[in-house]
Amino acid sequence: MLENIINKIREVLDEKDQVRENALKITREAVRLSAEAIRAIHRGELENAKNLIKDVKEKLEDLATELKEHPDIYFSGYVYSAYQEYVEAAVLLSILEGSKIPSPEDLNVPYVPYLLGLGDVVGELRRQILDAIRKDQLDQGEFFLEIIEEIYEVLSTLGYPNAIVPGLRHKCDVARNILEKTRGDLTNAIHRNRLLKGIQSLMKKLNV
C-alpha cells in the first residue's frame, strides 16, 4: 500500500524535475539572448536587438504556458531573473527607439521582475550618457538623464518590503547613486562645453 503511494509521488516528482530542468535551460538561454540584445543596443544595432528580444519573448511565453501547472517553478528566482533581463533589454530598446516604455502587460511579464528590470535600465542609460558626452551630444545626454530621474522617482515611491518586492530597495539605492554621479558628469560636460564656446567666441571677436 505504502509502495503504491510512493510510486505515485515519484511519478509526480519525476515530471516536476523534468519540467524544472527544461525551465532552467530556457531561462539560461533567455538571459543570454537578453544580454546579447543589450550589447547590440549599445553598438547601435537596434534591428538586431529587436529580433533577439522578440526571440526571448517567445521563449518566455512558451515557458509560462508549460509552467501553468507548476506555479512553484514559475515563481522561482531563476524564472524571475530571466523576466528581469528581458524587461531590461526591451525597455532600453524602446527608449533608444524613441517609443513609449512598454508596460508589464505589453511584455507579458509579472510585476515584480518588471520593476526590477526597470531599475536595471538606469545603469544602461548611464552608459548611453557617457557615450553621448564623449560624442559631444549633450542634448541626448540630458534626455537620457531625464528618463533616469523619472525611473528613480517612480520606483522610490514603492516603499514595499523585500517580502513583497525582493531587491527593490537596493535597486533604488543603486539608481540614486547612479543618478547623482551621472548628473554631475553631465553638468561638468555642459559647463566645459559652454566655457569652450565662450573662449572660441572671444577669440573670434579678437581675431585671434
# chains A, B, ... in the order shown; residues from 1 in each chain; ligands from 1
call {"tool": "residues_around", "arguments": {"residues": "range 154-160 of chain A", "least_positions_apart": "6", "cutoff": "8 Å", "atoms": "only C-alpha atoms", "output": "list of chain:residue names"}}
result
A:Leu115, A:Gly119, A:Leu168, A:Arg169, A:Cys172
call {"tool": "select_by_dssp", "arguments": {"residues": "range 36-154 of chain A", "states": "alpha helix (DSSP H)", "output": "number ranges by chain"}}
result
A: 36-42, 46-66, 71-74, 77-97, 104-107, 111-134, 138-154
call {"tool": "write_last_selection", "arguments": {"atoms": "C-alpha atoms", "output": "compact mmCIF listing (two decimals), in the first residue's frame"}}
result
# COMPACT_ATOMS: atom_id res chain seq x y z
CA GLU A 36 23.27 39.93 -26.29
CA ALA A 37 20.41 42.27 -27.17
CA ILE A 38 21.67 44.90 -24.72
CA ARG A 39 25.15 44.70 -26.21
CA ALA A 40 23.63 45.13 -29.67
CA ILE A 41 21.70 48.19 -28.48
CA HIS A 42 24.89 49.82 -27.21
CA LEU A 46 18.70 48.19 -32.94
CA GLU A 47 17.16 45.90 -35.54
CA ASN A 48 19.34 43.01 -34.39
CA ALA A 49 18.41 43.76 -30.78
CA LYS A 50 14.72 43.83 -31.70
CA ASN A 51 14.94 40.36 -33.24
CA LEU A 52 16.77 38.99 -30.20
CA ILE A 53 14.19 40.46 -27.83
CA LYS A 54 11.36 39.02 -29.90
CA ASP A 55 13.02 35.61 -29.61
CA VAL A 56 13.28 35.97 -25.83
CA LYS A 57 9.63 36.99 -25.57
CA GLU A 58 8.51 33.90 -27.48
CA LYS A 59 10.65 31.62 -25.32
CA LEU A 60 9.31 33.08 -22.09
CA GLU A 61 5.71 32.94 -23.29
CA ASP A 62 6.14 29.26 -24.17
CA LEU A 63 7.73 28.67 -20.77
CA ALA A 64 4.83 30.37 -18.97
CA THR A 65 2.43 28.04 -20.75
CA GLU A 66 4.47 24.99 -19.74
CA PRO A 71 3.42 27.67 -10.07
CA ASP A 72 6.21 26.85 -7.60
CA ILE A 73 8.66 26.74 -10.50
CA TYR A 74 7.12 29.70 -12.32
CA GLY A 77 14.16 33.03 -8.67
CA TYR A 78 15.73 31.87 -11.92
CA VAL A 79 12.49 32.31 -13.91
CA TYR A 80 12.04 35.81 -12.50
CA SER A 81 15.68 36.61 -13.31
CA ALA A 82 15.03 35.74 -16.94
CA TYR A 83 11.99 38.03 -16.99
CA GLN A 84 14.06 40.78 -15.36
CA GLU A 85 16.78 40.61 -18.03
CA TYR A 86 14.15 40.57 -20.77
CA VAL A 87 12.44 43.67 -19.34
CA GLU A 88 15.78 45.48 -19.12
CA ALA A 89 16.54 44.82 -22.78
CA ALA A 90 13.02 45.59 -24.03
CA VAL A 91 12.69 48.86 -22.09
CA LEU A 92 16.16 50.03 -23.11
CA LEU A 93 15.34 49.35 -26.75
CA SER A 94 12.09 51.30 -26.53
CA ILE A 95 13.96 54.31 -25.10
CA LEU A 96 16.62 54.22 -27.82
CA GLU A 97 13.93 53.94 -30.48
CA PRO A 104 4.19 44.65 -17.96
CA GLU A 105 1.09 43.81 -19.99
CA ASP A 106 2.83 44.82 -23.22
CA LEU A 107 5.71 42.50 -22.39
CA TYR A 111 5.01 42.88 -11.98
CA VAL A 112 7.93 42.13 -9.67
CA PRO A 113 10.55 41.26 -12.32
CA TYR A 114 9.23 44.17 -14.37
CA LEU A 115 10.05 46.62 -11.58
CA LEU A 116 13.49 45.09 -11.02
CA GLY A 117 14.27 45.09 -14.74
CA LEU A 118 13.17 48.71 -14.96
CA GLY A 119 15.62 49.54 -12.20
CA ASP A 120 18.44 47.88 -14.12
CA VAL A 121 17.79 50.13 -17.12
CA VAL A 122 19.28 53.02 -15.13
CA GLY A 123 22.79 51.59 -15.37
CA GLU A 124 22.46 51.04 -19.11
CA LEU A 125 21.26 54.63 -19.60
CA ARG A 126 24.31 55.90 -17.71
CA ARG A 127 26.43 54.12 -20.30
CA GLN A 128 24.46 55.84 -23.05
CA ILE A 129 25.00 59.21 -21.37
CA LEU A 130 28.75 58.68 -21.09
CA ASP A 131 28.83 57.80 -24.80
CA ALA A 132 26.82 60.97 -25.55
CA ILE A 133 29.31 63.06 -23.56
CA ARG A 134 32.23 61.58 -25.49
CA LEU A 138 24.85 66.70 -24.66
CA ASP A 139 21.20 67.22 -25.58
CA GLN A 140 20.84 63.47 -25.93
CA GLY A 141 22.62 63.02 -22.62
CA GLU A 142 20.12 65.35 -20.93
CA PHE A 143 17.24 63.38 -22.47
CA PHE A 144 18.54 60.11 -21.03
CA LEU A 145 19.18 61.77 -17.66
CA GLU A 146 15.54 62.86 -17.50
CA ILE A 147 14.49 59.24 -18.02
CA ILE A 148 16.83 58.07 -15.25
CA GLU A 149 15.27 60.67 -12.96
CA GLU A 150 11.78 59.51 -13.86
CA ILE A 151 12.60 55.84 -13.30
CA TYR A 152 14.17 56.57 -9.92
CA GLU A 153 11.29 58.79 -8.81
CA VAL A 154 8.57 56.27 -9.66
call {"tool": "atom_distance", "arguments": {"atom1": "CA of Arg176 in chain A", "atom2": "CA of Val31 in chain A"}}
result
25.4 Å
